[in-house]
Amino acid sequence: MPSHYHNFTNSLPWLILFLEAVFIVFFYFSDYDEAMTSISYPDFQDVNHMVIFGFGFFLAFLKRYGFSSIGFNLLIIVLGVQCSVLIEELLLFLPDREIEDDMKRLTKATLSLTAVVISTGAVLGKINPVQLSVMTVVEMVAFRMSRWIHTTFLQVSDNISMMHVHLFGAYFGLAASSRFSEPLPGSEKNANTPKSDLLSMLGTVFLWVFWPSFNSVLAEDKSIVICNTYFALAVSTVTAFMLSALTTKDGKFKMTHIHSAVLAGGVAVGYAAPIIDYPWIAMILGLLASVIAILGSYCLPRCLNPVLKIHDTSGVHFTFGLPSMLGALAHIVLLVIQNWTDTPSLHLWVTIYIWAFFLTMDVALITGFITGIILNFKLFKTIPVSKYFEDQLYWEFPHLAVEF
Amino acid sequence: MPSHYHNFTNSLPWLILFLEAVFIVFFYFSDYDEAMTSISYPDFQDVNHMVIFGFGFFLAFLKRYGFSSIGFNLLIIVLGVQCSVLIEELLLFLPDREIEDDMKRLTKATLSLTAVVISTGAVLGKINPVQLSVMTVVEMVAFRMSRWIHTTFLQVSDNISMMHVHLFGAYFGLAASSRFSEPLPGSEKNANTPKSDLLSMLGTVFLWVFWPSFNSVLAEDKSIVICNTYFALAVSTVTAFMLSALTTKDGKFKMTHIHSAVLAGGVAVGYAAPIIDYPWIAMILGLLASVIAILGSYCLPRCLNPVLKIHDTSGVHFTFGLPSMLGALAHIVLLVIQNWTDTPSLHLWVTIYIWAFFLTMDVALITGFITGIILNFKLFKTIPVSKYFEDQLYWEFPHLAVEF
Amino acid sequence: MPSHYHNFTNSLPWLILFLEAVFIVFFYFSDYDEAMTSISYPDFQDVNHMVIFGFGFFLAFLKRYGFSSIGFNLLIIVLGVQCSVLIEELLLFLPDREIEDDMKRLTKATLSLTAVVISTGAVLGKINPVQLSVMTVVEMVAFRMSRWIHTTFLQVSDNISMMHVHLFGAYFGLAASSRFSEPLPGSEKNANTPKSDLLSMLGTVFLWVFWPSFNSVLAEDKSIVICNTYFALAVSTVTAFMLSALTTKDGKFKMTHIHSAVLAGGVAVGYAAPIIDYPWIAMILGLLASVIAILGSYCLPRCLNPVLKIHDTSGVHFTFGLPSMLGALAHIVLLVIQNWTDTPSLHLWVTIYIWAFFLTMDVALITGFITGIILNFKLFKTIPVSKYFEDQLYWEFPHLAVEF
């Protein structure tokens with residue numbers, strides 16, 4: 001291996017040691033609050049389990065990249081959560097901030113991390129852990145900034161603001177991935193095998209089961225959010241199977257369709273779930289989300305990505321990006337339908353949500369793009385294209401044979 | 001591949017689209033109830049997790065059928081839950097029905113789905129997804145009808161009535177499977193490999209851990225049901241290891257024994273769990289259930305199945321059918337022992353439970369048999385025997401090698 | 001296979017039948033208490049899930065020993081829990097015992113079982129199920145005795161006393177393993193493969209996610225214990241990645257480091273979690289624990305183990321033993337720092353905790369060593385060294401190829 005790999009691998013430990021030292025020093029000024037907890041431990045646990053276990057295995061679909069998918073997912077989550085809790089601490093110095101208890105802070109930090117995990121999906125296998133750690137910290141700061149504008153200037157509720165996490169994560173990741181070299185055309189390393197697909201299915205099923213927890217954890221009326229999310233997920237699952245069979249040559253199902261489209265309904269319903277009063281609306285939304293995800297999985301890699309020179313390893317654009325856009329749109333449409341008699345207040349809310357949407361998109365795209373540029377500085381020792389999607393670059397194996 | 005496969009695969013998307021359209025149209029007349037919820041989200045979540053994740057992997061023991069086991073399990077559950085919730089809505093038009101909140105309705109729907117999942121086990125690998133979707137809808141209607149008679153005419157409590165789900169599922173599946181052709185004798189495709197056994201063990205352990213949640217979710221005194229179920233499961237696990245070593249040639253354990261017998265105690269104790277006051281009774285019941293399951297795994301495939309021309313892929317007869325029968329019997333015996341002084345009331349209850357048992361069996365066998373006949377109409381394009389137990393028939397694979 | 005294997009396999013069923021019969025007879029004198037439950041079912045469920053599923057897969061890292069790791073783990077847990085509940089029943093005959101409800105008793109039994117599971121790690125692949133069952137019963141009795149002295153004579157709280165479970169398990173296992181023959185030097189059977197590493201990672205991630213539940217289940221102020229455990233785990237994860245890259249030749253990560261060191265923080269923080277008021281203290285503790293675990297993974301197998309003729313299959317010494325020692329020490333140091341003004345009471349508590357620590361160590365080492373001697377009596381048919389780490393000795397396989 002050329003010597004600059006050694007350099008990169010040698011710089012990682014010092015980078016995360018530095019980060020960890022910074023965290024510990026800052027945490028020195030932090031203590032536990034006695035505030036009444038508004039989020040119970042099981043609620044936190046569901047989200048935590050989902051992000052660490054569910055997303056870890058969800059991303060383990062590359063045949064030679066399973067260790068890295070699961071291992072680095074754990075690493076960036078613990079780095080990101082500490083970073084996110086610290087940012088909250090620092091924000092307390094701003095005027096008029098209400099104090100939150102620790103469990104709520106941890107839960108929000110874990111929810112925010114979803115953005116980083118989704119972004120990782122876009123650059124999976126092409127980014128080294130040094131770049132990944134930097135990206136995690138930058139993205140957490142950028143997402144928190146975007147949310148801070150939401151809640152401070154736009155009066156968007158905390159819950160709705162958090163639901164932009166999929167949108168932010170997907171477009172940040174896509175913008176960043178546009179600065180990474182594309183994999184070699186003939187390479188078969190970024191393929192999946194039946195075994196890795198099954199591992200990934202394990203993660204997907206976990207995410208599916210816990211998605212109602214994710215959408216409801218910050219909501220006020222949990223019960224309605226849970227039911228809406230469940231029905232949206234159910235219909236997107238049915239639609240995913242339907243469209244997968246309709247769009248393949250000989251009417252077979254494609255596992256990658258199932259992976260991405262079964263979750264689309266849960267993503268799309270996130271924004272509007274608290275105000276949907278009838279299950280059929282959530283079901284229609286789930287159906288549309290799944291349609292968008294599967295059509296996107298055909299169109300985007302052929303039409304959009306080559307033009308923009310994007311390579312989106314795990315398809316976060318159609319799995320999380322498009323359904324999230326649809327959800328934001330559906331939220332506004334529902335608001336209009338439900339409140340069309342009350343014009344002035346409606347006008348205000350629609351403006352606010354449109355602003356919140358574009359703000360999130362802009363911050364995600366701009367900071368993502370800049371992060372992509374920075375990460376490709378020589379300093380960070382980018383991986384050469386021939387070494388993409390290889391566990392072997394990062395992990396010591398008992399033997400050399402590693403495909404699974 | 002002959003052309004009629006194309007036909008079958010082509011008809012699936014339209015069938016599930018049609019079903020989904022029907023569901024959405026009917027759900028149009030449904031809204032969320034404001035009733036106080038009597039089932040908490042974590043209770044529902046346990047059952048949901050168990051049915052989707054646990055049973056999905058539990059059924060993934062065939063070496064070439066992992067994708068289908070897990071994928072189709074998810075598909076039929078989401079179809080079935082929507083169907084079941086709708087049936088409840090329709091039943092509301094009957095007089096004297098109490099309104100249930102949405103979480104309870106979802107939980108009951110998920111519990112009922114266990115019947116379909118168990119039936120699937122009997123015809124696993126021999127049924128195509130079109131047939132599976134039809135079977136799901138028919139079985140949900142039949143099981144709901146049987147439960148409706150239980151609660152309306154026989155005054156059986158909702159909880160006890162729901163515990164007939166294993167009995168119903170097993171015998172419905174067996175009756176249906178009697179109409180499917182048996183696999184070729186020399187075929188090795190319906191075998192398990194160490195890797196697929198391990199996947200299945202993953203599901204089994206999940207089911208084991210969550211079984212107390214399953215039995216207690218509708219019970220009034222949850223604590224006693226949980227403890228009884230735990231002890232019954234514990235003793236059936238010990239018994240499973242013991243009998244497995246005793247019955248194999250050289251005293252080794254057999255993974256398929258462990259898979260089926262560790263859960264037998266949980267199934268058997270379901271009916272009587274609320275009235276068992278001493279742990280040792282639950283333990284004895286767990287022991288007997290495990291004995292029956294393992295003896296059944298030897299006798300049934302050799303004695304009963306060839307006579308009735310049944311091929312029971314995952315052994316639901318001895319895993320769920322026989323232990324469930326034992327449980328129903330034990331329930332009645334315990335009632336007699338506990339109330340033998342109060343003859344008139346005892347007489348009434350014993351009659352009721354015996355009726356409930358035979359009613360469930362009859363409805364399961366008759367509707368299962370009829371469903372089996374219908375499913376083998378030419379319309380549904382049955383799979384030829386040579387294509388049994390093959391993921392490749394339904395899934396597009398990245399490469400052709402698929403054994404795992 | 002030589003004939004005495006048959007003997008061993010033939011004696012297993014009778015042994016566990018005997019044990020189970022004893023359990024059922026003793027349970028005959030036990031009934032369910034009506035006491036108010038202080039531990040909720042979800043709390044118990046987390047611990048149960050963690051011990052059965054998490055530890056089962058955590059130990060499945062040997063390439064040819066996956067079935068046994070997961071299967072025997074389930075077997076010893078159900079045996080041990082019954083044994084432990086019985087011991088509690090018997091202890092009720094001692095004066096001044098308060099009655100505990102069943103859920104609490106089951107939870108404590110499951111927590112205690114962690115000791116046995118950890119000990120199993122030290123002798124994994126070298127111990128046959130007969131020996132394992134005997135070890136389970138003996139270790140449960142020994143650990144309960146040690147805890148009884150803690151709570152009766154030393155006034156150690158139940159929660160702190162239970163946190164000695166890792167210490168006890170590790171040193172009991174090490175002492176016992178010193179009496180087993182070491183594996184042949186050239187043997188490759190006790191190696192891990194990428195696939196088995198991934199299975200083990202699945203278990204590790206489960207344990208990681210549920211560790212806060214483990215530490216908090218008996219604690220009074222759960223919230224603070226959960227947060228401290230989370231931060232300790234987070235920092236040990238970062239440290240594990242850092243040190244793994246620093247200590248390998250070419251800066252790569254080693255999966256076995258990650259397996260053992262990510263959990264070290266959770267183990268170490270167990271004792272002191274309820275009295276740590278600032279997250280940074282938990283974080284420092286997590287960092288130190290991870291450092292000790294990784295340094296231990298280098299030093300112990302080279303320096304200490306050859307001298308003491310110990311072979312520690314899954315490295316429980318550095319995964320659980322050393323971090324637990326560190327935790328006990330940190331607990332005492334923190335007590336001193338927090339209460340140095342209140343000298344008399346401080347003196348008392350420090351003495352008590354030091355006594356509790358050495359008592360646990362002594363009981364563990366002595367009973368472990370004696371158990372090791374007893375288990376190697378000819379009666380128990382020890383496995384010959386050439387048959388170590390082989391599923392095939394215990395399990396009937398569909399085919400002969402079993403490496404995964």
# chains A, B, ... in the order shown; residues from 1 in each chain; ligands from 1
$ interface_residues --of "chain B" --to "chain A" --cutoff "8 Å" --atoms "only C-alpha atoms" --output "PyMOL selection string"
chain B and resi 6+9-10+12-14+16-17+20+24-25+27-28+30-32+41+45+48-49+52-53+66-67+74-75+78-79+82+102-103+393-399+402+404
$ select_by_dssp --residues "stretch 188-242 of chain C" --states "helix (DSSP H, G or I)" --output "CSV table (one decimal) with C-alpha atoms, in the first residue's frame"
chain,number,residue,atom,x,y,z
C,194,PRO,CA,-15.2,-12.1,9.1
C,195,LYS,CA,-18.6,-13.7,9.1
C,196,SER,CA,-18.4,-14.9,12.7
C,197,ASP,CA,-17.0,-11.5,13.7
C,198,LEU,CA,-20.0,-9.9,12.1
C,199,LEU,CA,-22.4,-12.1,14.1
C,200,SER,CA,-20.5,-11.3,17.2
C,201,MET,CA,-20.7,-7.6,16.3
C,202,LEU,CA,-24.5,-8.0,16.1
C,203,GLY,CA,-24.5,-9.2,19.7
C,204,THR,CA,-22.0,-6.5,20.8
C,205,VAL,CA,-24.2,-3.7,19.4
C,206,PHE,CA,-27.2,-5.2,21.2
C,207,LEU,CA,-25.3,-5.2,24.5
C,208,TRP,CA,-24.0,-1.7,23.9
C,209,VAL,CA,-27.5,-0.4,23.3
C,210,PHE,CA,-29.0,-2.1,26.4
C,211,TRP,CA,-26.1,-1.6,28.8
C,212,PRO,CA,-27.7,1.5,30.4
C,213,SER,CA,-30.8,-0.6,31.1
C,214,PHE,CA,-28.5,-3.2,32.8
C,215,ASN,CA,-26.8,-0.6,35.1
C,216,SER,CA,-30.0,1.2,36.0
C,222,LYS,CA,-32.4,5.7,37.1
C,223,SER,CA,-32.0,8.8,35.0
C,224,ILE,CA,-28.5,9.7,36.3
C,225,VAL,CA,-27.3,6.1,36.0
C,226,ILE,CA,-28.5,5.9,32.4
C,227,CYS,CA,-26.8,9.1,31.4
C,228,ASN,CA,-23.6,8.2,33.1
C,229,THR,CA,-23.6,4.8,31.5
C,230,TYR,CA,-24.3,6.2,28.1
C,231,PHE,CA,-21.4,8.7,28.3
C,232,ALA,CA,-19.0,6.1,29.6
C,233,LEU,CA,-19.9,3.8,26.7
C,234,ALA,CA,-19.6,6.6,24.2
C,235,VAL,CA,-16.2,7.5,25.3
C,236,SER,CA,-15.0,3.9,25.5
C,237,THR,CA,-16.2,3.4,21.9
C,238,VAL,CA,-14.2,6.4,20.7
C,239,THR,CA,-11.2,5.2,22.7
C,240,ALA,CA,-11.5,1.7,21.4
C,241,PHE,CA,-11.3,2.9,17.8
C,242,MET,CA,-8.4,5.2,18.6
$ closest_residue --among "B:His331, B:His150, B:His311, B:Arg64" --to "B:Val350" --atoms "only C-alpha atoms"
B:His331
$ closest_residue --among "C:Pro129, C:Gly372, C:Gly186, C:Gly54" --to "C:Val385" --atoms "only C-alpha atoms"
C:Gly186
$ residues_around --residues "B:Ala142" --least-positions-apart "5" --cutoff "12 Å" --atoms "only C-alpha atoms" --output "CSV table (one decimal) with all heavy atoms, in the first residue's frame"
chain,number,residue,atom,x,y,z
B,83,CYS,N,-56.3,-5.3,6.6
B,83,CYS,CA,-57.6,-6.1,6.4
B,83,CYS,C,-58.3,-6.3,7.7
B,83,CYS,O,-59.5,-6.1,7.9
B,83,CYS,CB,-57.2,-7.4,5.8
B,83,CYS,SG,-58.5,-8.5,5.6
B,84,SER,N,-57.5,-6.6,8.7
B,84,SER,CA,-58.1,-6.9,10.0
B,84,SER,C,-58.7,-5.7,10.7
B,84,SER,O,-59.8,-5.7,11.3
B,84,SER,CB,-57.0,-7.5,10.9
B,84,SER,OG,-57.4,-7.6,12.2
B,87,ILE,N,-62.0,-5.0,9.0
B,87,ILE,CA,-63.1,-5.9,9.5
B,87,ILE,C,-63.6,-5.5,10.8
B,87,ILE,O,-64.8,-5.4,11.0
B,87,ILE,CB,-62.5,-7.4,9.6
B,87,ILE,CG1,-62.0,-7.9,8.3
B,87,ILE,CG2,-63.6,-8.3,10.2
B,87,ILE,CD1,-61.3,-9.2,8.4
B,112,SER,N,-53.7,-11.3,15.6
B,112,SER,CA,-54.4,-12.2,14.7
B,112,SER,C,-53.6,-12.7,13.6
B,112,SER,O,-53.7,-13.8,13.1
B,112,SER,CB,-55.7,-11.5,14.1
B,112,SER,OG,-56.4,-10.9,15.1
B,113,LEU,N,-52.7,-11.8,13.1
B,113,LEU,CA,-51.8,-12.1,12.0
B,113,LEU,C,-50.9,-13.3,12.3
B,113,LEU,O,-50.5,-14.0,11.4
B,113,LEU,CB,-50.9,-10.9,11.7
B,113,LEU,CG,-51.2,-10.2,10.4
B,113,LEU,CD1,-50.9,-11.1,9.3
B,113,LEU,CD2,-52.6,-9.7,10.4
B,115,ALA,N,-51.8,-16.0,13.2
B,115,ALA,CA,-52.5,-17.2,12.6
B,115,ALA,C,-52.0,-17.3,11.1
B,115,ALA,O,-51.6,-18.4,10.7
B,115,ALA,CB,-54.0,-17.0,12.6
B,116,VAL,N,-52.0,-16.2,10.4
B,116,VAL,CA,-51.5,-16.3,9.0
B,116,VAL,C,-50.1,-16.7,8.9
B,116,VAL,O,-49.7,-17.5,8.1
B,116,VAL,CB,-51.8,-15.0,8.3
B,116,VAL,CG1,-51.4,-15.0,6.8
B,116,VAL,CG2,-53.2,-14.6,8.4
B,135,MET,N,-54.7,-16.0,0.6
B,135,MET,CA,-54.9,-16.7,1.8
B,135,MET,C,-54.9,-15.8,3.0
B,135,MET,O,-55.7,-16.0,3.9
B,135,MET,CB,-53.7,-17.7,1.9
B,135,MET,CG,-53.8,-18.7,3.0
B,135,MET,SD,-52.4,-19.8,3.2
B,135,MET,CE,-51.5,-19.0,4.4
B,136,THR,N,-54.1,-14.8,3.0
B,136,THR,CA,-54.1,-13.9,4.1
B,136,THR,C,-55.4,-13.2,4.4
B,136,THR,O,-56.0,-13.3,5.5
B,136,THR,CB,-53.1,-12.7,3.9
B,136,THR,OG1,-51.8,-13.3,3.6
B,136,THR,CG2,-53.0,-11.8,5.0
B,137,VAL,N,-56.0,-12.8,3.3
B,137,VAL,CA,-57.3,-12.1,3.4
B,137,VAL,C,-58.4,-13.1,3.9
B,137,VAL,O,-59.1,-12.9,4.8
B,137,VAL,CB,-57.7,-11.4,2.1
B,137,VAL,CG1,-59.1,-10.9,2.2
B,137,VAL,CG2,-56.7,-10.3,1.8
B,147,ARG,N,-63.6,-15.9,16.0
B,147,ARG,CA,-63.5,-15.1,17.3
B,147,ARG,C,-64.8,-14.4,17.6
B,147,ARG,O,-65.2,-14.2,18.7
B,147,ARG,CB,-62.4,-14.1,17.2
B,147,ARG,CG,-61.0,-14.8,17.2
B,147,ARG,CD,-60.0,-13.9,18.0
B,147,ARG,NE,-60.0,-12.6,17.6
B,147,ARG,CZ,-60.3,-11.5,18.4
B,147,ARG,NH1,-60.6,-11.7,19.7
B,147,ARG,NH2,-60.2,-10.3,17.9
B,148,TRP,N,-65.5,-14.0,16.5
B,148,TRP,CA,-66.8,-13.3,16.7
B,148,TRP,C,-67.8,-14.2,17.4
B,148,TRP,O,-68.5,-13.9,18.3
B,148,TRP,CB,-67.3,-12.7,15.4
B,148,TRP,CG,-68.6,-12.0,15.5
B,148,TRP,CD1,-68.7,-10.8,16.0
B,148,TRP,CD2,-69.8,-12.5,15.1
B,148,TRP,NE1,-70.1,-10.4,15.9
B,148,TRP,CE2,-70.8,-11.5,15.4
B,148,TRP,CE3,-70.3,-13.7,14.5
B,148,TRP,CZ2,-72.1,-11.6,15.1
B,148,TRP,CZ3,-71.6,-13.8,14.2
B,148,TRP,CH2,-72.5,-12.8,14.5
B,149,ILE,N,-67.8,-15.5,16.9
B,149,ILE,CA,-68.7,-16.4,17.5
B,149,ILE,C,-68.3,-16.7,19.0
B,149,ILE,O,-69.1,-16.7,19.9
B,149,ILE,CB,-68.7,-17.8,16.7
B,149,ILE,CG1,-69.1,-17.5,15.3
B,149,ILE,CG2,-69.6,-18.8,17.4
B,149,ILE,CD1,-69.1,-18.7,14.4
B,165,VAL,N,-55.3,-18.4,18.5
B,165,VAL,CA,-54.6,-18.1,17.2
B,165,VAL,C,-53.6,-19.1,16.7
B,165,VAL,O,-53.6,-19.4,15.5
B,165,VAL,CB,-54.0,-16.6,17.4
B,165,VAL,CG1,-52.8,-16.6,18.3
B,165,VAL,CG2,-53.6,-16.1,16.0
B,168,PHE,N,-55.7,-22.1,15.4
B,168,PHE,CA,-56.3,-21.8,14.2
B,168,PHE,C,-55.3,-21.8,13.0
B,168,PHE,O,-55.4,-22.4,12.0
B,168,PHE,CB,-57.0,-20.5,14.3
B,168,PHE,CG,-57.9,-20.2,13.1
B,168,PHE,CD1,-59.2,-20.5,13.2
B,168,PHE,CD2,-57.4,-19.6,12.0
B,168,PHE,CE1,-60.1,-20.2,12.1
B,168,PHE,CE2,-58.2,-19.4,10.9
B,168,PHE,CZ,-59.6,-19.7,10.9
B,169,GLY,N,-54.2,-21.1,13.3
B,169,GLY,CA,-53.1,-20.9,12.3
B,169,GLY,C,-52.6,-22.3,11.8
B,169,GLY,O,-52.4,-22.5,10.6
B,172,PHE,N,-55.4,-24.5,10.0
B,172,PHE,CA,-55.8,-23.8,8.7
B,172,PHE,C,-54.6,-24.1,7.7
B,172,PHE,O,-54.9,-24.6,6.6
B,172,PHE,CB,-55.9,-22.3,8.9
B,172,PHE,CG,-56.4,-21.6,7.7
B,172,PHE,CD1,-57.7,-21.2,7.5
B,172,PHE,CD2,-55.5,-21.2,6.7
B,172,PHE,CE1,-58.1,-20.5,6.4
B,172,PHE,CE2,-55.9,-20.5,5.6
B,172,PHE,CZ,-57.2,-20.2,5.4
B,359,LEU,N,-65.0,-25.4,17.8
B,359,LEU,CA,-65.4,-24.5,16.8
B,359,LEU,C,-64.2,-24.0,16.1
B,359,LEU,O,-64.1,-23.9,14.8
B,359,LEU,CB,-66.1,-23.3,17.5
B,359,LEU,CG,-66.5,-22.2,16.5
B,359,LEU,CD1,-67.9,-22.5,15.9
B,359,LEU,CD2,-66.5,-20.9,17.1
B,360,THR,N,-63.1,-23.6,16.8
B,360,THR,CA,-61.9,-23.1,16.2
B,360,THR,C,-61.3,-24.1,15.2
B,360,THR,O,-61.0,-23.8,14.1
B,360,THR,CB,-60.9,-22.7,17.3
B,360,THR,OG1,-61.5,-21.9,18.2
B,360,THR,CG2,-59.7,-22.0,16.7
B,361,MET,N,-61.2,-25.4,15.8
B,361,MET,CA,-60.7,-26.4,14.9
B,361,MET,C,-61.5,-26.6,13.6
B,361,MET,O,-60.9,-26.7,12.6
B,361,MET,CB,-60.7,-27.7,15.7
B,361,MET,CG,-59.7,-27.9,16.7
B,361,MET,SD,-58.0,-28.1,16.0
B,361,MET,CE,-58.1,-29.9,15.6
B,362,ASP,N,-62.8,-26.6,13.8
B,362,ASP,CA,-63.6,-26.9,12.6
B,362,ASP,C,-63.5,-25.8,11.6
B,362,ASP,O,-63.3,-26.0,10.4
B,362,ASP,CB,-65.1,-27.0,13.1
B,362,ASP,CG,-65.3,-28.3,13.8
B,362,ASP,OD1,-64.4,-29.2,13.7
B,362,ASP,OD2,-66.4,-28.5,14.4
B,363,VAL,N,-63.7,-24.5,12.1
B,363,VAL,CA,-63.6,-23.4,11.2
B,363,VAL,C,-62.2,-23.4,10.5
B,363,VAL,O,-62.1,-23.3,9.3
B,363,VAL,CB,-63.8,-22.1,11.9
B,363,VAL,CG1,-63.6,-20.9,11.0
B,363,VAL,CG2,-65.2,-22.0,12.5
B,364,ALA,N,-61.1,-23.7,11.3
B,364,ALA,CA,-59.8,-23.7,10.7
B,364,ALA,C,-59.7,-24.8,9.6
B,364,ALA,O,-59.2,-24.5,8.5
B,364,ALA,CB,-58.7,-23.9,11.8
B,365,LEU,N,-60.1,-26.0,10.0
B,365,LEU,CA,-59.9,-27.1,9.0
B,365,LEU,C,-60.8,-26.9,7.8
B,365,LEU,O,-60.3,-27.1,6.6
B,365,LEU,CB,-60.3,-28.4,9.7
B,365,LEU,CG,-59.2,-28.9,10.7
B,365,LEU,CD1,-59.8,-30.1,11.5
B,365,LEU,CD2,-57.9,-29.3,10.0
B,366,ILE,N,-62.0,-26.5,8.0
B,366,ILE,CA,-62.9,-26.4,6.8
B,366,ILE,C,-62.5,-25.2,5.9
B,366,ILE,O,-62.3,-25.4,4.7
B,366,ILE,CB,-64.4,-26.2,7.3
B,366,ILE,CG1,-64.8,-27.5,8.0
B,366,ILE,CG2,-65.3,-25.9,6.1
B,366,ILE,CD1,-66.1,-27.4,8.7
B,367,THR,N,-62.3,-24.0,6.5
B,367,THR,CA,-61.9,-22.9,5.7
B,367,THR,C,-60.5,-23.1,5.1
B,367,THR,O,-60.3,-22.7,3.9
B,367,THR,CB,-62.0,-21.6,6.4
B,367,THR,OG1,-61.2,-21.7,7.6
B,367,THR,CG2,-63.4,-21.2,6.8
B,368,GLY,N,-59.7,-23.8,5.8
B,368,GLY,CA,-58.3,-24.0,5.3
B,368,GLY,C,-58.4,-24.9,4.1
B,368,GLY,O,-57.7,-24.7,3.1
B,370,ILE,N,-60.9,-25.5,2.1
B,370,ILE,CA,-61.5,-24.8,1.0
B,370,ILE,C,-60.5,-23.8,0.4
B,370,ILE,O,-60.4,-23.8,-0.9
B,370,ILE,CB,-62.8,-24.1,1.4
B,370,ILE,CG1,-63.9,-25.1,1.9
B,370,ILE,CG2,-63.4,-23.2,0.3
B,370,ILE,CD1,-65.1,-24.5,2.5
B,371,THR,N,-59.8,-23.1,1.2
B,371,THR,CA,-58.8,-22.2,0.7
B,371,THR,C,-57.8,-22.9,-0.1
B,371,THR,O,-57.4,-22.5,-1.2
B,371,THR,CB,-58.2,-21.4,1.9
B,371,THR,OG1,-59.2,-20.9,2.7
B,371,THR,CG2,-57.3,-20.3,1.4
$ residues_around --residues "stretch 305-309 of chain C" --least-positions-apart "4" --cutoff "6 Å" --atoms "only C-alpha atoms" --output "ChimeraX atom specification"
/C:178,300-301
$ write_last_selection --atoms "all heavy atoms" --output "short mmCIF file (atom, residue, chain, number, x, y, z; two decimals), in the first residue's frame"
data_model
loop_
_atom_site.label_atom_id
_atom_site.label_comp_id
_atom_site.auth_asym_id
_atom_site.auth_seq_id
_atom_site.Cartn_x
_atom_site.Cartn_y
_atom_site.Cartn_z
N SER C 178 -8.21 -22.25 34.33
CA SER C 178 -6.82 -22.66 34.57
C SER C 178 -6.71 -24.17 34.73
O SER C 178 -5.63 -24.73 34.64
CB SER C 178 -6.27 -21.95 35.82
OG SER C 178 -6.92 -22.47 36.96
N LEU C 300 -2.09 -9.44 28.55
CA LEU C 300 -2.48 -10.64 29.28
C LEU C 300 -2.16 -11.93 28.53
O LEU C 300 -1.55 -12.83 29.11
CB LEU C 300 -3.95 -10.57 29.65
CG LEU C 300 -4.30 -9.43 30.61
CD1 LEU C 300 -5.80 -9.38 30.84
CD2 LEU C 300 -3.58 -9.60 31.93
N PRO C 301 -2.57 -12.06 27.25
CA PRO C 301 -2.31 -13.34 26.60
C PRO C 301 -0.81 -13.63 26.45
O PRO C 301 -0.42 -14.78 26.29
CB PRO C 301 -2.96 -13.18 25.21
CG PRO C 301 -3.89 -12.04 25.35
CD PRO C 301 -3.30 -11.14 26.39
#
$ residues_around --residues "stretch 312-329 of chain C" --least-positions-apart "6" --cutoff "7 Å" --atoms "only C-alpha atoms" --output "PyMOL selection string"
chain C and resi 118+121-124+166-167+170-171+174+260-261+264+267-271+289+292-293+296-297
$ closest_residue --among "B:Cys303, B:Met140, B:Val134, B:Ile337" --to "B:Val81" --atoms "only C-alpha atoms"
B:Met140
